[in-house]
>>> print(open('target.tsv').read())   # TSV, C-alpha atoms
chain	number	residue	atom	x	y	z
A	5	MET	CA	8.20	5.25	-22.51
A	6	SER	CA	4.92	6.74	-23.75
A	7	TYR	CA	1.59	5.18	-22.84
A	8	LYS	CA	1.01	4.63	-26.55
A	9	THR	CA	4.20	2.56	-26.86
A	10	GLN	CA	3.31	0.63	-23.70
A	11	ALA	CA	-0.15	-0.09	-25.07
A	12	ALA	CA	1.41	-1.12	-28.40
A	13	LEU	CA	3.79	-3.50	-26.57
A	14	TRP	CA	0.80	-5.11	-24.86
A	15	LEU	CA	-0.96	-5.53	-28.19
A	16	LEU	CA	2.17	-6.96	-29.81
A	17	GLN	CA	2.57	-9.46	-26.99
A	18	ARG	CA	-1.03	-10.65	-27.36
A	19	ALA	CA	-0.74	-10.85	-31.15
A	20	SER	CA	2.60	-12.71	-30.97
A	21	ALA	CA	1.06	-15.11	-28.41
A	22	ALA	CA	-1.69	-15.94	-30.89
A	23	VAL	CA	0.91	-16.65	-33.60
A	24	LEU	CA	2.97	-18.73	-31.16
A	25	GLY	CA	-0.08	-20.78	-30.24
A	26	VAL	CA	-0.46	-21.89	-33.86
A	27	CYS	CA	3.29	-22.30	-34.43
A	28	VAL	CA	3.78	-24.51	-31.36
A	29	VAL	CA	0.91	-26.79	-32.37
A	30	VAL	CA	2.22	-27.15	-35.95
A	31	HIS	CA	5.77	-27.72	-34.64
A	32	LEU	CA	4.68	-30.40	-32.13
A	33	PHE	CA	2.51	-32.26	-34.63
A	34	THR	CA	5.36	-32.19	-37.14
A	35	ILE	CA	7.68	-33.72	-34.54
A	36	ILE	CA	5.14	-36.43	-33.64
A	37	TYR	CA	4.60	-37.19	-37.34
A	38	ALA	CA	8.31	-37.08	-38.20
A	39	VAL	CA	9.57	-39.43	-35.45
A	40	ARG	CA	7.35	-42.31	-36.54
A	41	GLY	CA	9.79	-45.07	-37.43
A	42	GLY	CA	12.82	-43.24	-36.04
A	43	LEU	CA	14.37	-39.88	-36.71
A	44	THR	CA	17.64	-38.99	-38.38
A	45	SER	CA	19.22	-35.64	-39.15
A	46	ALA	CA	19.27	-36.63	-42.82
A	47	GLU	CA	15.47	-37.01	-42.74
A	48	ILE	CA	15.02	-33.60	-41.16
A	49	LEU	CA	17.32	-31.91	-43.64
A	50	GLU	CA	15.59	-33.66	-46.51
A	51	ARG	CA	12.33	-32.06	-45.43
A	52	THR	CA	13.66	-28.58	-44.65
A	53	ARG	CA	16.47	-27.95	-47.17
A	54	GLY	CA	15.30	-25.65	-49.91
A	55	SER	CA	11.75	-25.70	-48.58
A	56	VAL	CA	10.44	-22.14	-48.78
A	57	GLY	CA	7.33	-23.15	-46.80
A	58	TRP	CA	9.25	-24.45	-43.76
A	59	PHE	CA	11.68	-21.54	-44.00
A	60	ALA	CA	8.77	-19.07	-43.92
A	61	PHE	CA	7.05	-20.98	-41.11
A	62	TYR	CA	10.09	-21.09	-38.83
A	63	SER	CA	11.02	-17.49	-39.65
A	64	LEU	CA	7.55	-16.48	-38.47
A	65	PHE	CA	8.07	-18.63	-35.35
A	66	VAL	CA	11.37	-16.84	-34.62
A	67	LEU	CA	9.77	-13.43	-35.20
A	68	ALA	CA	6.93	-14.22	-32.80
A	69	VAL	CA	9.39	-15.41	-30.11
A	70	THR	CA	11.58	-12.33	-30.67
A	71	ILE	CA	8.58	-10.09	-29.99
A	72	HIS	CA	6.90	-12.12	-27.26
A	73	VAL	CA	9.72	-13.11	-24.93
A	74	PRO	CA	11.40	-9.71	-24.31
A	75	ILE	CA	8.01	-8.05	-23.60
A	76	GLY	CA	7.22	-10.76	-21.05
A	77	LEU	CA	10.70	-10.44	-19.53
A	78	ARG	CA	10.07	-6.69	-19.23
A	79	SER	CA	7.27	-7.34	-16.75
A	80	ILE	CA	9.39	-9.89	-14.87
A	81	CYS	CA	12.28	-7.39	-14.66
A	82	THR	CA	9.91	-4.74	-13.30
A	83	GLU	CA	8.05	-6.87	-10.81
A	84	TRP	CA	10.63	-9.32	-9.55
A	85	LEU	CA	13.93	-7.46	-10.01
A	86	HIS	CA	12.52	-3.90	-9.69
A	87	TRP	CA	14.58	-3.06	-12.75
A	88	ARG	CA	12.98	-0.20	-14.68
A	89	GLY	CA	13.86	2.57	-17.08
A	90	ARG	CA	16.03	2.77	-20.16
A	91	SER	CA	18.75	0.37	-19.02
A	92	ARG	CA	16.14	-2.41	-18.73
A	93	ASP	CA	14.59	-1.63	-22.11
A	94	PHE	CA	17.99	-1.38	-23.79
A	95	ALA	CA	19.11	-4.70	-22.29
A	96	LEU	CA	15.90	-6.32	-23.52
A	97	LEU	CA	16.40	-4.89	-27.00
A	98	LEU	CA	19.84	-6.51	-27.05
A	99	PHE	CA	18.28	-9.74	-25.81
A	100	ALA	CA	15.64	-9.53	-28.56
A	101	ALA	CA	18.41	-9.06	-31.14
A	102	PHE	CA	20.19	-12.14	-29.74
A	103	VAL	CA	17.01	-14.24	-29.88
A	104	ALA	CA	16.39	-13.14	-33.48
A	105	TRP	CA	20.00	-13.90	-34.47
A	106	ALA	CA	20.09	-17.30	-32.73
A	107	GLY	CA	16.70	-18.27	-34.12
A	108	MET	CA	17.42	-17.28	-37.69
A	109	HIS	CA	20.87	-18.89	-37.45
A	110	ALA	CA	19.14	-22.20	-36.68
A	111	VAL	CA	16.47	-21.71	-39.35
A	112	LEU	CA	19.06	-20.95	-42.03
A	113	ALA	CA	21.21	-23.89	-40.93
A	114	VAL	CA	18.47	-26.35	-41.88
A	115	TYR	CA	17.31	-24.41	-44.96
A	116	ILE	CA	20.55	-23.93	-46.87
B	26	MET	CA	-11.48	-18.46	21.07
B	27	LYS	CA	-7.83	-17.44	20.71
B	28	VAL	CA	-7.39	-14.23	18.74
B	29	PHE	CA	-3.97	-13.13	17.52
B	30	VAL	CA	-3.81	-9.44	16.62
B	31	LYS	CA	-0.86	-7.99	14.73
B	32	ARG	CA	0.25	-4.75	16.35
B	33	GLY	CA	3.31	-3.32	14.62
B	34	THR	CA	5.99	-5.97	14.73
B	35	GLU	CA	4.35	-7.76	17.67
B	36	VAL	CA	1.47	-10.22	17.71
B	37	GLN	CA	-0.76	-9.94	20.78
B	38	GLN	CA	-2.92	-12.83	21.92
B	39	PHE	CA	-6.43	-12.40	23.35
B	40	GLU	CA	-9.09	-14.76	24.63
B	41	VAL	CA	-12.50	-13.75	23.30
B	42	PRO	CA	-15.80	-15.56	24.09
B	43	ARG	CA	-17.68	-17.00	21.08
B	44	GLN	CA	-21.18	-15.63	20.48
B	45	PRO	CA	-23.87	-16.64	18.01
B	46	SER	CA	-23.75	-14.63	14.73
B	47	GLN	CA	-20.52	-13.00	15.91
B	48	THR	CA	-18.61	-11.03	13.27
B	49	VAL	CA	-14.87	-10.41	13.14
B	50	LEU	CA	-15.61	-6.74	13.81
B	51	ASP	CA	-17.49	-7.80	16.96
B	52	VAL	CA	-14.35	-9.63	18.06
B	53	VAL	CA	-12.10	-6.62	17.47
B	54	THR	CA	-14.62	-4.34	19.21
B	55	TYR	CA	-14.77	-6.71	22.20
B	56	ILE	CA	-10.98	-6.63	22.48
B	57	GLN	CA	-10.90	-2.82	22.35
B	58	ARG	CA	-13.79	-2.28	24.75
B	59	VAL	CA	-13.13	-5.03	27.28
B	60	LEU	CA	-9.56	-6.29	27.04
B	61	ASP	CA	-7.30	-3.55	25.71
B	62	PRO	CA	-8.60	-0.01	25.06
B	63	THR	CA	-5.35	0.97	23.32
B	64	LEU	CA	-6.13	-1.17	20.27
B	65	ALA	CA	-6.59	1.02	17.19
B	66	TYR	CA	-8.95	-0.06	14.42
B	67	ARG	CA	-11.35	1.62	12.01
B	68	TYR	CA	-15.03	1.14	11.31
B	69	ALA	CA	-18.12	3.23	10.73
B	70	CYS	CA	-21.39	1.79	9.40
B	71	ARG	CA	-21.14	-1.86	10.63
B	72	VAL	CA	-23.46	-2.96	7.81
B	73	GLY	CA	-21.20	-3.34	4.78
B	74	MET	CA	-21.76	0.07	3.23
B	75	CYS	CA	-18.87	2.33	4.18
B	76	GLY	CA	-15.89	0.11	3.37
B	77	SER	CA	-13.79	1.23	6.34
B	78	CYS	CA	-13.39	-1.95	8.41
B	79	ALA	CA	-11.42	-4.19	6.02
B	80	MET	CA	-8.59	-6.18	7.60
B	81	MET	CA	-6.58	-9.34	7.00
B	82	VAL	CA	-8.41	-12.22	8.65
B	83	ASN	CA	-6.41	-15.46	8.75
B	84	ASP	CA	-4.25	-13.94	6.00
B	85	VAL	CA	-7.21	-13.15	3.74
B	86	PRO	CA	-8.48	-9.59	3.18
B	87	ARG	CA	-12.13	-9.28	4.28
B	88	TRP	CA	-14.75	-6.73	5.31
B	89	THR	CA	-14.87	-7.57	8.99
B	90	CYS	CA	-18.38	-6.25	9.73
B	91	ARG	CA	-19.99	-8.80	7.41
B	92	THR	CA	-17.59	-11.66	8.04
B	93	HIS	CA	-18.94	-14.20	10.50
B	94	VAL	CA	-16.42	-15.79	12.82
B	95	ASN	CA	-18.03	-19.21	12.23
B	96	LYS	CA	-17.11	-19.05	8.57
B	97	VAL	CA	-13.48	-18.03	8.91
B	98	ALA	CA	-12.15	-19.19	12.29
B	99	ALA	CA	-9.75	-22.04	11.76
B	100	GLY	CA	-10.68	-24.24	14.73
B	101	ASP	CA	-10.87	-21.85	17.62
B	102	ARG	CA	-8.27	-19.48	16.28
B	103	LEU	CA	-8.42	-16.13	14.51
B	104	GLU	CA	-5.51	-14.08	13.19
B	105	ILE	CA	-6.23	-10.43	12.53
B	106	ALA	CA	-3.82	-8.02	10.85
B	107	PRO	CA	-3.95	-4.70	9.01
B	108	LEU	CA	-4.71	-4.76	5.26
B	109	ARG	CA	-1.79	-5.86	3.11
B	110	ASN	CA	-0.14	-3.54	0.55
B	111	LEU	CA	-0.90	-0.34	2.48
B	112	PRO	CA	1.21	1.52	5.05
B	113	VAL	CA	0.15	0.87	8.62
B	114	ILE	CA	-0.67	3.90	10.77
B	115	ARG	CA	-1.19	1.95	13.98
B	116	ASP	CA	-2.33	-1.57	14.89
B	117	LEU	CA	-5.16	-2.42	12.45
B	118	VAL	CA	-5.45	1.03	10.88
B	119	VAL	CA	-3.88	1.52	7.45
B	120	ASP	CA	-3.21	4.72	5.55
B	121	MET	CA	-5.67	4.72	2.62
B	122	ARG	CA	-4.24	7.86	0.96
B	123	GLU	CA	-2.20	5.97	-1.63
B	124	PHE	CA	-5.24	3.83	-2.44
B	125	PHE	CA	-7.50	6.84	-3.10
B	126	ASP	CA	-4.75	8.94	-4.73
B	127	LYS	CA	-4.61	6.22	-7.34
B	128	TRP	CA	-8.33	6.64	-7.99
B	129	ALA	CA	-7.53	10.30	-8.77
B	130	ARG	CA	-4.58	9.26	-10.94
B	131	ALA	CA	-6.89	6.92	-12.87
B	132	LYS	CA	-9.16	9.94	-13.41
B	133	GLY	CA	-11.85	8.41	-11.29
B	134	GLU	CA	-13.93	11.57	-11.13
B	135	PHE	CA	-16.95	12.09	-13.37
B	136	ARG	CA	-16.57	14.91	-15.89
B	137	GLY	CA	-19.88	15.71	-17.49
B	138	ARG	CA	-20.72	17.61	-20.64
B	139	GLN	CA	-23.80	19.39	-19.41
B	140	THR	CA	-24.51	22.27	-17.09
B	141	LYS	CA	-27.29	22.74	-14.57
B	142	ASP	CA	-29.27	24.57	-17.26
B	143	ASP	CA	-29.43	21.48	-19.45
B	144	ASP	CA	-32.16	18.90	-19.20
B	145	PHE	CA	-31.53	15.43	-17.73
B	146	ALA	CA	-29.36	13.17	-19.89
B	147	PRO	CA	-31.46	10.19	-20.95
B	148	VAL	CA	-29.55	6.95	-20.23
B	149	LYS	CA	-31.36	3.72	-20.93
B	150	PRO	CA	-30.73	1.25	-18.07
B	151	GLN	CA	-30.72	-1.65	-20.53
B	152	SER	CA	-28.18	-0.09	-22.93
B	153	ALA	CA	-24.92	-2.05	-23.22
B	154	PRO	CA	-22.57	0.67	-21.84
B	155	ARG	CA	-24.86	1.30	-18.85
B	156	GLN	CA	-25.00	-2.42	-18.08
B	157	LEU	CA	-21.19	-2.55	-18.11
B	158	ALA	CA	-20.98	0.50	-15.86
B	159	ASP	CA	-23.60	-0.89	-13.49
B	160	ALA	CA	-21.63	-4.15	-13.16
B	161	GLY	CA	-18.81	-2.28	-11.40
B	162	ILE	CA	-20.58	0.67	-9.81
B	163	GLU	CA	-21.28	-0.79	-6.36
B	164	CYS	CA	-17.67	-0.56	-5.17
B	165	ILE	CA	-17.51	0.68	-1.57
B	166	GLY	CA	-13.78	1.47	-1.64
B	167	CYS	CA	-12.88	-0.96	1.14
B	168	GLY	CA	-9.42	-1.78	-0.26
B	169	VAL	CA	-9.91	-5.56	-0.05
B	170	CYS	CA	-9.07	-6.00	-3.75
B	171	TYR	CA	-5.99	-3.80	-3.34
B	172	ALA	CA	-4.76	-5.98	-0.47
B	173	ALA	CA	-5.51	-9.16	-2.42
B	174	CYS	CA	-3.60	-8.07	-5.54
B	175	ASP	CA	-0.10	-9.47	-6.08
B	176	VAL	CA	0.68	-6.94	-8.83
B	177	VAL	CA	0.15	-4.11	-6.31
B	178	LYS	CA	2.68	-5.87	-4.08
B	179	TRP	CA	5.25	-6.23	-6.87
B	180	ASN	CA	4.71	-2.91	-8.66
B	181	ALA	CA	4.19	0.05	-6.32
B	182	ASP	CA	3.03	2.30	-9.18
B	183	TYR	CA	0.22	-0.03	-10.24
B	184	LEU	CA	-3.11	1.76	-9.90
B	185	GLY	CA	-4.81	-1.34	-8.53
B	186	PRO	CA	-8.13	-3.09	-9.15
B	187	ALA	CA	-10.46	-0.58	-7.46
B	188	ALA	CA	-9.15	2.52	-9.25
B	189	LEU	CA	-9.20	0.72	-12.61
B	190	ASN	CA	-12.69	-0.63	-11.94
B	191	ARG	CA	-13.82	2.94	-11.20
B	192	ALA	CA	-12.24	4.17	-14.45
B	193	TRP	CA	-14.05	1.42	-16.37
B	194	THR	CA	-17.45	2.49	-15.00
B	195	LEU	CA	-16.74	6.04	-16.22
B	196	VAL	CA	-15.45	4.89	-19.61
B	197	ASN	CA	-18.90	3.36	-20.05
B	198	ASP	CA	-20.77	6.40	-18.82
B	199	VAL	CA	-22.16	8.04	-21.95
B	200	ARG	CA	-22.46	11.39	-20.17
B	201	ASP	CA	-18.73	11.56	-19.43
B	202	ARG	CA	-16.47	13.69	-21.64
B	203	ALA	CA	-13.02	12.61	-20.42
B	204	ARG	CA	-12.94	9.15	-22.04
B	205	LEU	CA	-9.66	9.50	-23.93
B	206	ASP	CA	-7.91	11.30	-21.07
B	207	ARG	CA	-8.96	8.48	-18.81
B	208	LEU	CA	-7.83	5.78	-21.24
B	209	ARG	CA	-4.43	7.48	-21.38
B	210	ALA	CA	-4.30	7.59	-17.57
B	211	VAL	CA	-5.02	3.87	-17.20
B	212	SER	CA	-2.65	2.66	-19.97
B	213	GLY	CA	0.76	1.16	-19.59
B	214	ASP	CA	3.00	-0.25	-16.88
B	215	ALA	CA	1.14	1.38	-13.97
B	216	GLY	CA	-2.28	0.81	-15.47
B	217	CYS	CA	-4.46	-1.91	-16.87
B	218	HIS	CA	-1.66	-3.50	-18.91
B	219	ALA	CA	0.18	-4.48	-15.74
B	220	CYS	CA	-2.70	-6.74	-14.62
B	221	HIS	CA	-1.89	-10.47	-14.93
B	222	SER	CA	-5.52	-11.53	-14.47
B	223	HIS	CA	-4.75	-13.50	-11.31
B	224	VAL	CA	-8.40	-12.82	-10.37
B	225	SER	CA	-7.57	-12.42	-6.65
B	226	CYS	CA	-9.48	-9.10	-6.58
B	227	THR	CA	-12.59	-10.72	-8.01
B	228	GLU	CA	-12.21	-13.69	-5.68
B	229	ARG	CA	-12.08	-11.44	-2.60
B	230	CYS	CA	-14.37	-8.53	-3.50
B	231	PRO	CA	-17.03	-8.51	-0.76
B	232	LYS	CA	-19.51	-6.89	-3.17
B	233	HIS	CA	-18.95	-9.68	-5.71
B	234	LEU	CA	-17.76	-7.26	-8.38
B	235	SER	CA	-15.23	-8.31	-10.98
B	236	PRO	CA	-12.42	-5.78	-11.26
B	237	THR	CA	-10.65	-8.37	-13.44
B	238	ALA	CA	-13.42	-8.04	-16.03
B	239	SER	CA	-13.31	-4.25	-15.76
B	240	ILE	CA	-9.55	-4.24	-16.31
B	241	ALA	CA	-9.93	-6.58	-19.29
B	242	GLY	CA	-12.50	-4.12	-20.65
B	243	LEU	CA	-10.02	-1.27	-20.25
B	244	LYS	CA	-7.35	-3.28	-22.07
B	245	ARG	CA	-9.75	-3.79	-24.99
B	246	ALA	CA	-10.82	-0.14	-24.99
B	247	VAL	CA	-7.21	1.10	-24.95
B	248	ALA	CA	-6.20	-1.35	-27.70
B	249	LYS	CA	-9.10	-0.19	-29.85
B	250	ALA	CA	-8.25	3.48	-29.27
B	251	VAL	CA	-4.58	2.88	-30.16
B	252	LEU	CA	-5.49	0.97	-33.34
B	253	GLN	CA	-7.92	3.70	-34.36
B	254	GLY	CA	-5.27	6.36	-33.70
B	255	ASP	CA	-7.37	8.13	-31.06
B	256	LEU	CA	-4.79	7.91	-28.29
>>> encode(input="target.tsv", output="structure tokens")
Amino acid sequence: MSYKTQAALWLLQRASAAVLGVCVVVHLFTIIYAVRGGLTSAEILERTRGSVGWFAFYSLFVLAVTIHVPIGLRSICTEWLHWRGRSRDFALLLFAAFVAWAGMHAVLAVYI
Amino acid sequence: MKVFVKRGTEVQQFEVPRQPSQTVLDVVTYIQRVLDPTLAYRYACRVGMCGSCAMMVNDVPRWTCRTHVNKVAAGDRLEIAPLRNLPVIRDLVVDMREFFDKWARAKGEFRGRQTKDDDFAPVKPQSAPRQLADAGIECIGCGVCYAACDVVKWNADYLGPAALNRAWTLVNDVRDRARLDRLRAVSGDAGCHACHSHVSCTERCPKHLSPTASIAGLKRAVAKAVLQGDL
């Protein structure tokens, strides 16, 4: 992998961390606000179904996780498992695809 | 005092008398000169300039010539071992080749623009780049930071704090002409991006430098160069 790509991965991880910081705070405050007086699935769906705003917010959340987590796991694979090279990067690409699919599956489930 | 010295796979115990203002290097020298002349260790200047006497003292990397026994001896006990993260040649002597080869890999040599026919390059001591370079310039190459670094332990290719700190001083040297080459050399998995900012190097540096800050500076410089399309 070229030094440029490696530097770009580092930048992407920092940028996605910044997005995640905001997303996690919004998500947690929404939970705290929403559970006042009990929480039902009907209430959640009422808020999220057809809401373009929440759909966009959670899509961004999923995108940030999809970028951030595999890049972090790349370092863990290198340092702890001594797993390097293309097989590691390919496995992490697959993992990223899985995270994106699972995340968007959940987002769509509460949007539609 | 009881002194435990790691020699290969064995640990040898010695009884060394305490003295006022005694350094760890004094202890090792006493052992070699009085108790066991076969003990191998390395030192040169004895005054904290040459960077050759670093060892693990009670599991912490230190420059032994400036480390007083009073400050580090746990009770009446001292454990001395060769520097971590470097191959051992014998007893307390480590092979520093890998450490200095990485300085070369990080393009740690100055490459100037001018020839001997040119006039002196004016560099204002108060200018921002010079201040940044000065902050890291006093490295004596002792290897303490390299031994303190966990990333070096986990990732054998990692250039390490000292080599990256050296690169950072040159990146900020306005006379140098190899800036982009150097930024390429210190990028990526073996370079500055591998640093997790554990700050162990800064914590242990006997010269109170901050390789962590230098590495963070390199990360910023590389990011800027990538975004501007220079790299």
>>> atom_distance(input="target.tsv", atom1="CA of Gly41 in chain A", atom2="CA of Ala60 in chain A")
26.8 Å
>>> axis_aligned_box(input="target.tsv", around="range 36-39 of chain B", padding_each_side="6 Å", output="AutoDock Vina command-line options")
--center_x -2.5 --center_y -11.4 --center_z 20.5 --size_x 19.9 --size_y 14.9 --size_z 17.6
>>> interface_residues(input="target.tsv", of="chain A", to="chain B", cutoff="10 Å", atoms="only C-alpha atoms", output="VMD selection string")
chain A and resid 5 to 15 78 to 80 82 to 86
>>> residues_around(input="target.tsv", residues="Cys170 in chain B", least_positions_apart="2", cutoff="12 Å", atoms="only C-alpha atoms", output="MDAnalysis selection string")
chainID B and resid 76 79:81 85:88 108:111 124 164:168 172:178 184:190 223:237
>>> atom_distance(input="target.tsv", atom1="CA of Gly57 in chain A", atom2="CA of Ala22 in chain A")
19.7 Å
>>> atom_distance(input="target.tsv", atom1="CA of Ala101 in chain A", atom2="CA of Leu49 in chain A")
26.1 Å
>>> residues_near_point(input="target.tsv", point="(-20.0, 2.1, -18.8)", cutoff="8 Å", atoms="all atoms listed in the file", output="ChimeraX atom specification")
/B:153-159,193-199
>>> closest_residue(input="target.tsv", among="B:Ala65, B:Val53, B:Met121, B:Ala129", to="Val94 in chain B", atoms="all atoms listed in the file")
B:Val53
>>> build_atoms(input="target.tsv", residues="range 59-72 of chain A", atoms="N, CA and C atoms", output="compact mmCIF listing (two decimals), keeping the file's coordinate frame")
# COMPACT_ATOMS: atom_id res chain seq x y z
N PHE A 59 10.86 -22.72 -44.31
CA PHE A 59 11.68 -21.54 -44.00
C PHE A 59 10.79 -20.39 -43.54
N ALA A 60 9.68 -20.16 -44.27
CA ALA A 60 8.77 -19.07 -43.92
C ALA A 60 8.11 -19.35 -42.56
N PHE A 61 7.71 -20.62 -42.37
CA PHE A 61 7.05 -20.98 -41.11
C PHE A 61 7.96 -20.73 -39.91
N TYR A 62 9.20 -21.24 -39.98
CA TYR A 62 10.09 -21.09 -38.83
C TYR A 62 10.61 -19.66 -38.68
N SER A 63 10.66 -18.91 -39.77
CA SER A 63 11.02 -17.49 -39.65
C SER A 63 9.93 -16.75 -38.88
N LEU A 64 8.68 -17.09 -39.18
CA LEU A 64 7.55 -16.48 -38.47
C LEU A 64 7.60 -16.86 -36.98
N PHE A 65 7.94 -18.13 -36.73
CA PHE A 65 8.07 -18.63 -35.35
C PHE A 65 9.12 -17.80 -34.60
N VAL A 66 10.28 -17.61 -35.25
CA VAL A 66 11.37 -16.84 -34.62
C VAL A 66 10.93 -15.39 -34.39
N LEU A 67 10.23 -14.82 -35.35
CA LEU A 67 9.77 -13.43 -35.20
C LEU A 67 8.82 -13.30 -34.01
N ALA A 68 7.91 -14.27 -33.89
CA ALA A 68 6.93 -14.22 -32.80
C ALA A 68 7.65 -14.35 -31.44
N VAL A 69 8.63 -15.24 -31.37
CA VAL A 69 9.39 -15.41 -30.11
C VAL A 69 10.17 -14.14 -29.80
N THR A 70 10.78 -13.55 -30.85
CA THR A 70 11.58 -12.33 -30.67
C THR A 70 10.73 -11.19 -30.10
N ILE A 71 9.48 -11.14 -30.51
CA ILE A 71 8.58 -10.09 -29.99
C ILE A 71 8.07 -10.47 -28.61
N HIS A 72 7.63 -11.71 -28.47
CA HIS A 72 6.90 -12.12 -27.26
C HIS A 72 7.78 -12.19 -26.00
